Amino acid sequence: MTVAGLQALLSHWRRNPWQLFTLIAGLAMATALWSGVQAINAEARASYDRAAQTIGQGQFAQIVRSDGAPLSQVQYVTLRRAGWLVSPLVEGKIDIRGDRFLLTGIEPLTLPDNVDATGALEASDLTGFIAPTGMIIAHPSDASAVEKLGTVVREDASQVPGALTADIGFAQQLLRTAGITRLLVLPDQPIDQPGLASIDPSLTLRRAQSQADVARLTESFHLNLTAFGLLSFAVGIFIVYGAVGLAFEQRRPVFRTLRTLGLPLASLMTMLVLELALFALLAGAIGVALGYLFAAVLLPDVAATLRGLYDAEVTGSLTLRPSWWLSGIAMAFGGTAAAASGAFWRLNRLPLLASTKPRAWAAEAQRTNVRMAGVAAVLGLTAVLIMFFGSGLLAGFALLACFLIAAALALPFALDLMLRMGAGLARQAVPQWFWADTRQQLPGLSMALMALLLAMAANIGVSTMVSSFRLTFVGWLDQRFVAELYVRARTPQEASALTDYLADRIDAALPIISVDARIGGLPAEVFGIRDHATYRDNWKLLYAVPGAWDRLAEGEGVLVNEQLFRRQDLSVGDQLGQDTVLGVYGDYGNPAGQVVMGMAEFRNRYPDAVALRFGLRTGNSEAGELAAELMREFDLSPEAVIDQARIKAVSLQVFERTFLVTAALNILTLSVAGFAILISLLTLATMRLPQMAPVWALGMTRARLARLELVRAVCLAAFTGLVALPLGLGLAWVLLAIVNVQAFGWRLPMYLFPLDYLRLGALTLVAAFLAALWPAGRLARIPPDQLLRVFSNER
Amino acid sequence: MLQVENLAKSYPAADGVLRVLDDVSFEMGQGETLALTGESGSGKSTLLHLIGGLDRPDGGRIIVNGNEMTGLDDRGRAALRRGTVGIVFQQFNLIPSLTVSANIAFQARLSDRLETAWVEHVTDRIGLGDQLEKYPEALSGGQQQRVAIARTLAARPKLVLADEPTGNLDEDNADIVLSLLLQVAAEAGTSVLMVTHSTHLAARLGRRLHLSHGRISA
């Protein structure tokens with residue numbers, strides 16, 4: 001019984017391969033987008049963990065070369081001789097017969113005391129460790145692979161899998177380099193230590209960074225990615241829902257026949273569950289594999305984004321973890337179950353003797369539309385409640401979810417209303433038939449249209465947010481980088497000489513001076529600024545007390561950046577420690593808090609701080625000529641004298657890279673929705689012959705019917721676009737006013753971009769037209785005998 | 001073979017309750033053929049559905065091949081349809097995604113009683129030798145009904161319930177289909193209870209019962 005029943009059920013897919021393809025492709029794409037995003041998130045988090053466990057990374061201040069090149073042995077020795085207590089590290093990837101490892105070379109004798117890099121070594125082993133023949137410390141799971149090098153391997157369970165530690169000399173041999181990647185700066189340094197810039201200006205000191213800070217700061221970015229992944233998954237699941245629902249509806253007569261032939265309902269349900277589980281397993285596996293490729297393509301951009309936004313490094317390459325397979329396939333099962341639950345519920349209630357009325361499906365779909373509109377109303381109300389009473393990032397995402405799902409559920413109802421209006425306006429026979437037939441087709445297309453709605457709304461919402469951000473950011477760059485030239489001196493003496501030299505040549509040399517501090521438990525910078533028109537005229541304060549600039553110059557308070565302002569839940573006039581908050585300025589792209597105080601007050605509090613960087617207001621001098629003159633006079637490198645345009649260009653480049661991932665996900669989601677329409681139309685095309693044949697028989701040509709099919713697809717996409725526009729703008733508002741503030745700490749003004757929306761609308765119509773082109777073409781070429789068969793079957 | 005005792009069935013209606021069957025009783029012997037006639041709405045199809053276990057009576061008893069049907073649950077009634085009772089519908093109800101030959105063997109396979117020689121014999125009898133690997137949609141209505149009859153009889157049921165099996169066919173095709181049904185049923189020793197509007201076709205069966213307003217009238 002089971003074999004015969006399963007064979008009958010599965011034979012449906014053999015006869016309807018497009019539907020099977022829809023189901024598998026929809027589920028695979030949903031799983032791919034979800035598991036791809038999860039893979040990226042997991043890899044980034046693993047990277048933070050690796051960094052946290054990698055020797056000294058973030059835990060200590062470090063010295064690196066400004067140009068990113070390795071340091072030389074000479075530079076290291078020079079620093080040691082100058083009294084700097086530093087320990088060299090070399091890092092790189094090595095390939096041991098196909099297995100890649102991150103190798104870190106250390107100098108055990110100079111390492112800081114609390115770095116446990118050689119934990120597995122006894123004191124007696126140290127000689128072996130630093131011997132030229134070498135010894136490698138590896139995690140037990142890597143030991144056998146590393147032994148292929150033919151060197152001594154010491155297993156250490158505390159070692160991070162995939163990471164190896166060796167003596168620096170041996171590591172340099174293996175990595176074929178003589179350079180040093182970075183120098184760890186020991187916490188206790190001599191008091192009379194000379195400044196780094198005075199010893200070697202090509203070196204930069206990076207301050208220690210707590211990994212907990214990185215994790216906290218990047219969490220919101222990962223949450224954003226997860227939300228996008230979920231949205232893409234939901235769009236994919238809409239396709240699955242449509243495919244499963246359609247397959248169940250098409251097989252409804254078969255289910256009845258099977259039952260009348262003696263197959264019990266429970267057995268039928270079990271077989272259908274088995275059938276879907278098989279598909280979920282297959283699609284899940286394909287989806288995870290695709291997700292891996294997707295993540296591999298996007299990971300470099302994500303790494304760039306995280307570096308640009310948070311200065312957080314994602315160094316790892318993608319690893320295929322069993323947990324991704326499991327979670328991806330679990331999502332595929334969960335998605336299939338969610339998509340099929342309604343179909344199973346209807347099957348359970350299907351009366352054995354229900355007659356197969358052609359309109360029954362449409363009538364049931366209309367009742368479903370009303371029910372869905374009811375659920376949409378409840379979700380809409382929930383969204384409003386969250387908006388007024390919710391707080392935090394999760395509440396922001398819950399609001400988004402309620403808002404989007406409510407709109408998607410209400411769409412069939414709204415489209416039905418629009419089509420009814422169209423039918424009401426039609427006076428001639430063909431338009432009347434067109435609108436009525438479109439309404440009848442709506443149930444089969446509504447899931448694809450819901451997917452399109454979500455994709456379009458996400459596109460409008462996210463692009464509005466990004467474009468608003470870009471406009472604000474560009475405006476902010478113009479405010480911030482007003483000085484025509486930025487110059488960096490190597491030593492305090494050189495800084496003094498520079499300012500003396502420039503005194504008669506330019507309008508002003510504005511010192512850029514800051515010290516690191518922790519405010520509210522998070523890293524922050526305190527800046528001192530001169531009272532100058534450059535700031536007063538160009539810095540737009542978001543909120544301020546009256547006479548804020550005068551009071552700042554008098555040392556009566558401080559300005560804070562928006563991130564600190566929101567994080568500390570401040571108001572202007574509030575006290576921040578011993579200072580009064582006089583105003584708030586926008587500070588986009590910076591995760592840390594900032595405090596700005598008048599120069600006199602700054603000097604008073606931080607007498608040791610030295611200004612090495614200056615913003616130069618060149619006045620009548622030509623910036624390019626002045627830059628060349630400074631480089632010549634002071635032997636400065638081009639990196640030490642940067643003009644305003646270069647700084648802005650670099651900042652914009654970082655910005656554009658930051659949103660590459662978002663743009664990629666946007667395009668993918670829209671493509672999935674376009675695919676959903678194509679597949680739905682193809683599937684429906686075969687079911688629609690009974691509706692087409694009578695119209696053809698009454699005198700409408702196949703070509704005209706095909707043209708009407710194209711018009712129908714474009715009309716439905718246009719109606720969906722009309723709903724998507726306000727939804728997308730609402731989404732943008734939630735993103736800008738709620739989610740962004742919670743995630744990044746700044747609120748952006750919302751701008752509208754009508755031309756962009758028109759372009760997206762046109763793109764959607766073209767996509768719908770192209771999706772309908774194939775089924776319409778098939779209809780135009782359908783042999784008349786196939787249409788005639790509709791009538792012969794009715795005999 | 002079949003005993004129907006005091007069978008009653010009602011449906012809710014706009015103006016109260018519609019009594020479709022009222023105190024219906026009759027019997028059929030093994031291998032007997034019985035035509036059930038009556039005007040539209042007289043309860044013929046409802047009676048057939050109750051005997052086939054597709055619906056439940058409000059009162060009375062149905063005993064098929066010694067099995068009391070009234071107390072059976074869904075699984076029990078499904079098992080009865082699988083093994084003892086075969087149903088032929090006016091609308092053919094073939095499985096569109098299976099070939100003609102797979103459709104013919106389907107019920108026999110579903111009831112785990114596939115006798116290849118018998119299935120081949122039944123297949124020969126319907127005379128669609130060149131169409132066996134086609135799908136039902138490629139066949140005419142008469143051909144599809146022959147396949148439906150072959151599917152039912154290939155499983156060797158004790159009783160065939162045929163609900164206007166020739167209702168969708170022209171006169172010539174109707175004669176061919178009915179002949180096929182009666183001949184193969186006779187070869188298998190199967191009883192046939194057939195609902196029909198046609199007195200001409202009813203006359204070809206062994207006995208005739210007339211339903212009027214839910215009651216046996218002759």
# chains A, B, ... in the order shown; residues from 1 in each chain; ligands from 1
call {"tool": "interface_residues", "arguments": {"of": "chain A", "to": "chain B", "cutoff": "8 Å", "atoms": "only C-alpha atoms", "output": "VMD selection string"}}
result
chain A and resid 1 to 5 8 11 to 12 14 to 15 253 to 254 257 259 to 265 352 to 353 792 to 793 795
call {"tool": "select_by_dssp", "arguments": {"residues": "segment 415-564 of chain A", "states": "helix (DSSP H, G or I)", "output": "compact mmCIF listing (two decimals) with N, CA and C atoms, in the first residue's frame"}}
result
# COMPACT_ATOMS: atom_id res chain seq x y z
N LEU A 415 -4.93 43.73 -3.21
CA LEU A 415 -4.93 43.53 -4.66
C LEU A 415 -6.32 43.15 -5.16
N ASP A 416 -7.00 42.32 -4.37
CA ASP A 416 -8.36 41.92 -4.75
C ASP A 416 -9.26 43.16 -4.85
N LEU A 417 -9.08 44.07 -3.90
CA LEU A 417 -9.87 45.32 -3.93
C LEU A 417 -9.56 46.12 -5.19
N MET A 418 -8.26 46.23 -5.51
CA MET A 418 -7.87 46.99 -6.70
C MET A 418 -8.44 46.35 -7.96
N LEU A 419 -8.37 45.00 -8.02
CA LEU A 419 -8.87 44.32 -9.21
C LEU A 419 -10.39 44.46 -9.31
N ARG A 420 -11.05 44.47 -8.16
CA ARG A 420 -12.49 44.65 -8.16
C ARG A 420 -12.84 46.04 -8.71
N MET A 421 -12.01 47.01 -8.31
CA MET A 421 -12.24 48.37 -8.83
C MET A 421 -12.04 48.39 -10.34
N GLY A 422 -10.99 47.70 -10.80
CA GLY A 422 -10.73 47.62 -12.24
C GLY A 422 -11.92 47.00 -12.96
N ALA A 423 -12.45 45.92 -12.38
CA ALA A 423 -13.60 45.23 -13.00
C ALA A 423 -14.81 46.16 -13.03
N GLY A 424 -14.96 46.96 -11.97
CA GLY A 424 -16.10 47.88 -11.91
C GLY A 424 -16.02 48.95 -12.98
N LEU A 425 -14.80 49.32 -13.34
CA LEU A 425 -14.63 50.38 -14.34
C LEU A 425 -14.73 49.85 -15.77
N ALA A 429 -16.43 43.75 -23.10
CA ALA A 429 -16.37 42.33 -22.72
C ALA A 429 -14.96 41.87 -22.39
N VAL A 430 -13.99 42.22 -23.24
CA VAL A 430 -12.63 41.71 -23.01
C VAL A 430 -12.04 42.25 -21.70
N PRO A 431 -12.11 43.59 -21.47
CA PRO A 431 -11.60 44.07 -20.17
C PRO A 431 -12.33 43.44 -18.98
N GLN A 432 -13.66 43.24 -19.13
CA GLN A 432 -14.39 42.62 -18.02
C GLN A 432 -13.85 41.22 -17.74
N TRP A 433 -13.66 40.47 -18.84
CA TRP A 433 -13.11 39.12 -18.66
C TRP A 433 -11.70 39.21 -18.07
N PHE A 434 -10.91 40.17 -18.57
CA PHE A 434 -9.51 40.31 -18.13
C PHE A 434 -9.44 40.50 -16.61
N TRP A 435 -10.26 41.43 -16.08
CA TRP A 435 -10.19 41.69 -14.63
C TRP A 435 -10.71 40.51 -13.83
N ALA A 436 -11.83 39.92 -14.35
CA ALA A 436 -12.39 38.77 -13.62
C ALA A 436 -11.41 37.61 -13.61
N ASP A 437 -10.77 37.38 -14.76
CA ASP A 437 -9.82 36.29 -14.85
C ASP A 437 -8.59 36.56 -13.99
N THR A 438 -8.17 37.81 -13.92
CA THR A 438 -7.02 38.17 -13.07
C THR A 438 -7.35 37.89 -11.61
N ARG A 439 -8.57 38.23 -11.22
CA ARG A 439 -8.96 37.95 -9.83
C ARG A 439 -8.92 36.46 -9.54
N GLN A 440 -9.38 35.68 -10.56
CA GLN A 440 -9.38 34.23 -10.35
C GLN A 440 -7.95 33.68 -10.26
N GLN A 441 -7.03 34.36 -10.94
CA GLN A 441 -5.64 33.90 -10.95
C GLN A 441 -4.89 34.34 -9.70
N LEU A 442 -5.43 35.34 -9.04
CA LEU A 442 -4.72 35.96 -7.91
C LEU A 442 -4.27 34.96 -6.84
N PRO A 443 -5.14 34.00 -6.43
CA PRO A 443 -4.68 33.07 -5.38
C PRO A 443 -3.39 32.36 -5.75
N GLY A 444 -3.26 31.97 -7.02
CA GLY A 444 -2.06 31.26 -7.43
C GLY A 444 -0.83 32.14 -7.46
N LEU A 445 -1.04 33.43 -7.60
CA LEU A 445 0.10 34.34 -7.72
C LEU A 445 0.38 35.10 -6.44
N SER A 446 -0.55 35.03 -5.49
CA SER A 446 -0.44 35.96 -4.35
C SER A 446 0.84 35.75 -3.54
N MET A 447 1.28 34.47 -3.42
CA MET A 447 2.50 34.25 -2.65
C MET A 447 3.71 34.88 -3.33
N ALA A 448 3.77 34.72 -4.65
CA ALA A 448 4.89 35.32 -5.38
C ALA A 448 4.83 36.84 -5.27
N LEU A 449 3.61 37.38 -5.31
CA LEU A 449 3.47 38.83 -5.21
C LEU A 449 3.83 39.32 -3.81
N MET A 450 3.52 38.51 -2.81
CA MET A 450 3.92 38.87 -1.44
C MET A 450 5.44 38.89 -1.33
N ALA A 451 6.07 37.91 -1.96
CA ALA A 451 7.54 37.88 -1.97
C ALA A 451 8.07 39.13 -2.67
N LEU A 452 7.43 39.49 -3.78
CA LEU A 452 7.86 40.68 -4.52
C LEU A 452 7.67 41.93 -3.66
N LEU A 453 6.55 41.97 -2.96
CA LEU A 453 6.28 43.13 -2.10
C LEU A 453 7.39 43.30 -1.05
N LEU A 454 7.73 42.19 -0.40
CA LEU A 454 8.76 42.25 0.65
C LEU A 454 10.10 42.67 0.05
N ALA A 455 10.42 42.08 -1.10
CA ALA A 455 11.71 42.40 -1.72
C ALA A 455 11.76 43.87 -2.13
N MET A 456 10.65 44.35 -2.74
CA MET A 456 10.64 45.76 -3.17
C MET A 456 10.69 46.70 -1.97
N ALA A 457 9.90 46.37 -0.94
CA ALA A 457 9.87 47.23 0.24
C ALA A 457 11.25 47.27 0.89
N ALA A 458 11.89 46.09 0.96
CA ALA A 458 13.23 46.04 1.55
C ALA A 458 14.19 46.88 0.73
N ASN A 459 14.03 46.77 -0.58
CA ASN A 459 14.90 47.54 -1.47
C ASN A 459 14.70 49.04 -1.29
N ILE A 460 13.44 49.46 -1.26
CA ILE A 460 13.15 50.89 -1.09
C ILE A 460 13.63 51.35 0.28
N GLY A 461 13.30 50.55 1.31
CA GLY A 461 13.64 50.94 2.67
C GLY A 461 15.14 51.03 2.88
N VAL A 462 15.83 49.98 2.46
CA VAL A 462 17.27 49.95 2.73
C VAL A 462 18.00 50.98 1.85
N SER A 463 17.56 51.11 0.58
CA SER A 463 18.27 52.08 -0.26
C SER A 463 17.99 53.50 0.21
N THR A 464 16.78 53.75 0.72
CA THR A 464 16.50 55.08 1.28
C THR A 464 17.39 55.34 2.49
N MET A 465 17.54 54.31 3.32
CA MET A 465 18.40 54.47 4.49
C MET A 465 19.85 54.75 4.06
N VAL A 466 20.34 53.91 3.13
CA VAL A 466 21.75 54.06 2.73
C VAL A 466 21.97 55.41 2.04
N SER A 467 21.02 55.77 1.15
CA SER A 467 21.20 57.04 0.43
C SER A 467 21.08 58.22 1.39
N SER A 468 20.16 58.12 2.37
CA SER A 468 20.04 59.19 3.36
C SER A 468 21.34 59.29 4.16
N PHE A 469 21.85 58.11 4.50
CA PHE A 469 23.10 58.05 5.26
C PHE A 469 24.22 58.69 4.43
N ARG A 470 24.22 58.38 3.12
CA ARG A 470 25.28 58.87 2.26
C ARG A 470 25.22 60.40 2.18
N LEU A 471 24.01 60.92 1.98
CA LEU A 471 23.86 62.38 1.89
C LEU A 471 24.33 63.05 3.19
N THR A 472 23.88 62.47 4.31
CA THR A 472 24.25 63.03 5.60
C THR A 472 25.76 62.94 5.81
N PHE A 473 26.29 61.79 5.40
CA PHE A 473 27.72 61.54 5.61
C PHE A 473 28.56 62.52 4.78
N VAL A 474 28.13 62.72 3.53
CA VAL A 474 28.88 63.65 2.67
C VAL A 474 28.82 65.07 3.26
N GLY A 475 27.61 65.44 3.73
CA GLY A 475 27.46 66.75 4.36
C GLY A 475 28.34 66.87 5.59
N TRP A 476 28.39 65.77 6.33
CA TRP A 476 29.19 65.76 7.56
C TRP A 476 30.68 65.86 7.24
N LEU A 477 31.09 65.17 6.16
CA LEU A 477 32.50 65.26 5.74
C LEU A 477 32.86 66.70 5.40
N ASP A 478 31.90 67.36 4.72
CA ASP A 478 32.15 68.77 4.35
C ASP A 478 32.29 69.64 5.60
N GLN A 479 31.49 69.32 6.63
CA GLN A 479 31.59 70.10 7.87
C GLN A 479 32.90 69.81 8.60
N ARG A 480 33.22 68.50 8.63
CA ARG A 480 34.34 68.07 9.45
C ARG A 480 35.69 68.40 8.84
N PRO A 492 57.48 66.38 18.59
CA PRO A 492 56.97 67.65 19.11
C PRO A 492 57.81 68.84 18.62
N GLN A 493 59.10 68.59 18.47
CA GLN A 493 59.97 69.67 18.00
C GLN A 493 59.61 70.05 16.56
N GLU A 494 59.39 69.02 15.77
CA GLU A 494 59.03 69.28 14.38
C GLU A 494 57.68 69.98 14.31
N ALA A 495 56.75 69.58 15.21
CA ALA A 495 55.43 70.21 15.24
C ALA A 495 55.58 71.69 15.56
N SER A 496 56.45 71.98 16.49
CA SER A 496 56.68 73.37 16.88
C SER A 496 57.29 74.16 15.72
N ALA A 497 58.26 73.53 15.04
CA ALA A 497 58.90 74.18 13.90
C ALA A 497 57.90 74.43 12.78
N LEU A 498 57.04 73.46 12.59
CA LEU A 498 56.01 73.57 11.54
C LEU A 498 55.09 74.77 11.80
N THR A 499 54.59 74.85 13.02
CA THR A 499 53.65 75.94 13.34
C THR A 499 54.35 77.29 13.22
N ASP A 500 55.59 77.35 13.63
CA ASP A 500 56.34 78.60 13.50
C ASP A 500 56.48 78.99 12.03
N TYR A 501 56.81 77.97 11.22
CA TYR A 501 57.02 78.22 9.79
C TYR A 501 55.74 78.71 9.11
N LEU A 502 54.63 78.12 9.57
CA LEU A 502 53.36 78.43 8.90
C LEU A 502 52.70 79.72 9.40
N ALA A 533 36.74 80.14 13.83
CA ALA A 533 35.55 80.20 12.96
C ALA A 533 35.35 78.90 12.19
N THR A 534 36.45 78.19 11.95
CA THR A 534 36.34 76.91 11.24
C THR A 534 35.32 76.01 11.92
N TYR A 535 35.36 75.96 13.24
CA TYR A 535 34.41 75.11 13.98
C TYR A 535 33.05 75.78 14.10
N ARG A 536 33.09 77.05 14.52
CA ARG A 536 31.82 77.77 14.76
C ARG A 536 30.95 77.83 13.50
N ASP A 537 31.62 78.04 12.34
CA ASP A 537 30.84 78.23 11.11
C ASP A 537 30.44 76.93 10.45
N ASN A 538 31.20 75.89 10.66
CA ASN A 538 30.95 74.66 9.88
C ASN A 538 30.36 73.51 10.66
N ALA A 548 26.66 78.01 22.92
CA ALA A 548 27.47 76.83 23.22
C ALA A 548 28.95 77.05 22.88
N TRP A 549 29.21 77.67 21.71
CA TRP A 549 30.60 77.83 21.29
C TRP A 549 31.35 78.79 22.24
N ASP A 550 30.67 79.88 22.64
CA ASP A 550 31.31 80.83 23.56
C ASP A 550 31.63 80.14 24.88
N ARG A 551 30.66 79.38 25.35
CA ARG A 551 30.85 78.73 26.65
C ARG A 551 31.95 77.66 26.56
N LEU A 552 32.02 76.98 25.38
CA LEU A 552 33.07 75.97 25.20
C LEU A 552 34.45 76.65 25.28
N ALA A 553 34.56 77.81 24.59
CA ALA A 553 35.84 78.53 24.59
C ALA A 553 36.21 78.98 26.00
N GLU A 562 27.21 62.21 19.05
CA GLU A 562 25.85 61.70 19.20
C GLU A 562 25.84 60.31 19.83
N GLN A 563 26.86 59.50 19.49
CA GLN A 563 26.91 58.15 20.03
C GLN A 563 26.97 58.17 21.56
N LEU A 564 27.87 59.00 22.08
CA LEU A 564 28.03 59.10 23.53
C LEU A 564 26.75 59.67 24.15
call {"tool": "residues_around", "arguments": {"residues": "Ala338 of chain A", "least_positions_apart": "5", "cutoff": "9 Å", "atoms": "only C-alpha atoms", "output": "list of chain:residue names"}}
result
A:Ile237, A:Tyr241, A:Phe333
call {"tool": "residues_around", "arguments": {"residues": "Ile63 of chain B", "least_positions_apart": "2", "cutoff": "6 Å", "atoms": "only C-alpha atoms", "output": "list of chain:residue names"}}
result
B:Leu2, B:Gln3, B:Gly66, B:Asn67, B:Glu68, B:Met69
call {"tool": "write_last_selection", "arguments": {"atoms": "N, CA and C atoms", "output": "mmCIF file, in the first residue's frame"}}
result
data_model
loop_
_atom_site.group_PDB
_atom_site.id
_atom_site.type_symbol
_atom_site.label_atom_id
_atom_site.label_comp_id
_atom_site.auth_asym_id
_atom_site.auth_seq_id
_atom_site.Cartn_x
_atom_site.Cartn_y
_atom_site.Cartn_z
ATOM 1 N N LEU B 2 -24.250 -8.418 0.359
ATOM 2 C CA LEU B 2 -24.543 -7.070 0.883
ATOM 3 C C LEU B 2 -25.906 -7.078 1.553
ATOM 4 N N GLN B 3 -25.932 -6.575 2.793
ATOM 5 C CA GLN B 3 -27.218 -6.405 3.482
ATOM 6 C C GLN B 3 -27.339 -4.951 3.911
ATOM 7 N N GLY B 66 -20.182 -9.894 5.153
ATOM 8 C CA GLY B 66 -20.181 -10.319 6.556
ATOM 9 C C GLY B 66 -19.606 -9.295 7.522
ATOM 10 N N ASN B 67 -19.121 -8.156 7.011
ATOM 11 C CA ASN B 67 -18.543 -7.134 7.902
ATOM 12 C C ASN B 67 -19.519 -5.997 8.116
ATOM 13 N N GLU B 68 -19.805 -5.759 9.365
ATOM 14 C CA GLU B 68 -20.686 -4.638 9.726
ATOM 15 C C GLU B 68 -19.897 -3.334 9.520
ATOM 16 N N MET B 69 -20.371 -2.483 8.622
ATOM 17 C CA MET B 69 -19.609 -1.266 8.289
ATOM 18 C C MET B 69 -19.862 -0.104 9.222
#
call {"tool": "select_by_dssp", "arguments": {"residues": "segment 433-588 of chain A", "states": "strand (DSSP E or B)", "output": "PyMOL selection string"}}
result
chain A and resi 485-488+508-519+522-529+541-544+558-561+575-576+579-585
call {"tool": "residues_around", "arguments": {"residues": "segment 175-181 of chain B", "least_positions_apart": "4", "cutoff": "7 Å", "atoms": "only C-alpha atoms", "output": "JSON, numbers by chain"}}
result
{"B": [146, 149, 171, 185]}
call {"tool": "closest_residue", "arguments": {"among": "A:Tyr486, A:Tyr606, A:Phe344, A:Phe101", "to": "Ala623 of chain A", "atoms": "only C-alpha atoms"}}
result
A:Tyr486
call {"tool": "residues_around", "arguments": {"residues": "segment 698-711 of chain A", "least_positions_apart": "2", "cutoff": "12 Å", "atoms": "only C-alpha atoms", "output": "NGL selection string"}}
result
:A and (429-431 or 433-435 or 437-438 or 441 or 678 or 681-682 or 684-685 or 688-689 or 691-696 or 713-718 or 765-784 or 787)
call {"tool": "decode", "arguments": {"residues": "segment 153-170 of chain B", "atoms": "C-alpha atoms", "output": "PDB file, in the first residue's frame"}}
result
ATOM      1  CA  LEU B 153     -11.771  -5.093 -11.279  1.00  0.00           C
ATOM      2  CA  ALA B 154      -8.014  -5.729 -11.347  1.00  0.00           C
ATOM      3  CA  ALA B 155      -8.125  -5.715  -7.539  1.00  0.00           C
ATOM      4  CA  ARG B 156     -10.823  -8.492  -7.573  1.00  0.00           C
ATOM      5  CA  PRO B 157     -13.280  -6.764  -5.218  1.00  0.00           C
ATOM      6  CA  LYS B 158     -16.285  -8.703  -3.934  1.00  0.00           C
ATOM      7  CA  LEU B 159     -18.581  -5.839  -4.763  1.00  0.00           C
ATOM      8  CA  VAL B 160     -18.374  -3.088  -7.386  1.00  0.00           C
ATOM      9  CA  LEU B 161     -20.313   0.107  -6.776  1.00  0.00           C
ATOM     10  CA  ALA B 162     -20.719   2.034 -10.022  1.00  0.00           C
ATOM     11  CA  ASP B 163     -22.088   5.567  -9.819  1.00  0.00           C
ATOM     12  CA  GLU B 164     -23.528   6.330 -13.265  1.00  0.00           C
ATOM     13  CA  PRO B 165     -20.391   5.001 -14.953  1.00  0.00           C
ATOM     14  CA  THR B 166     -21.772   5.777 -18.415  1.00  0.00           C
ATOM     15  CA  GLY B 167     -23.230   9.165 -17.550  1.00  0.00           C
ATOM     16  CA  ASN B 168     -20.501  11.031 -19.410  1.00  0.00           C
ATOM     17  CA  LEU B 169     -20.491   8.767 -22.461  1.00  0.00           C
ATOM     18  CA  ASP B 170     -22.403   8.545 -25.713  1.00  0.00           C
TER      19      ASP B 170
END
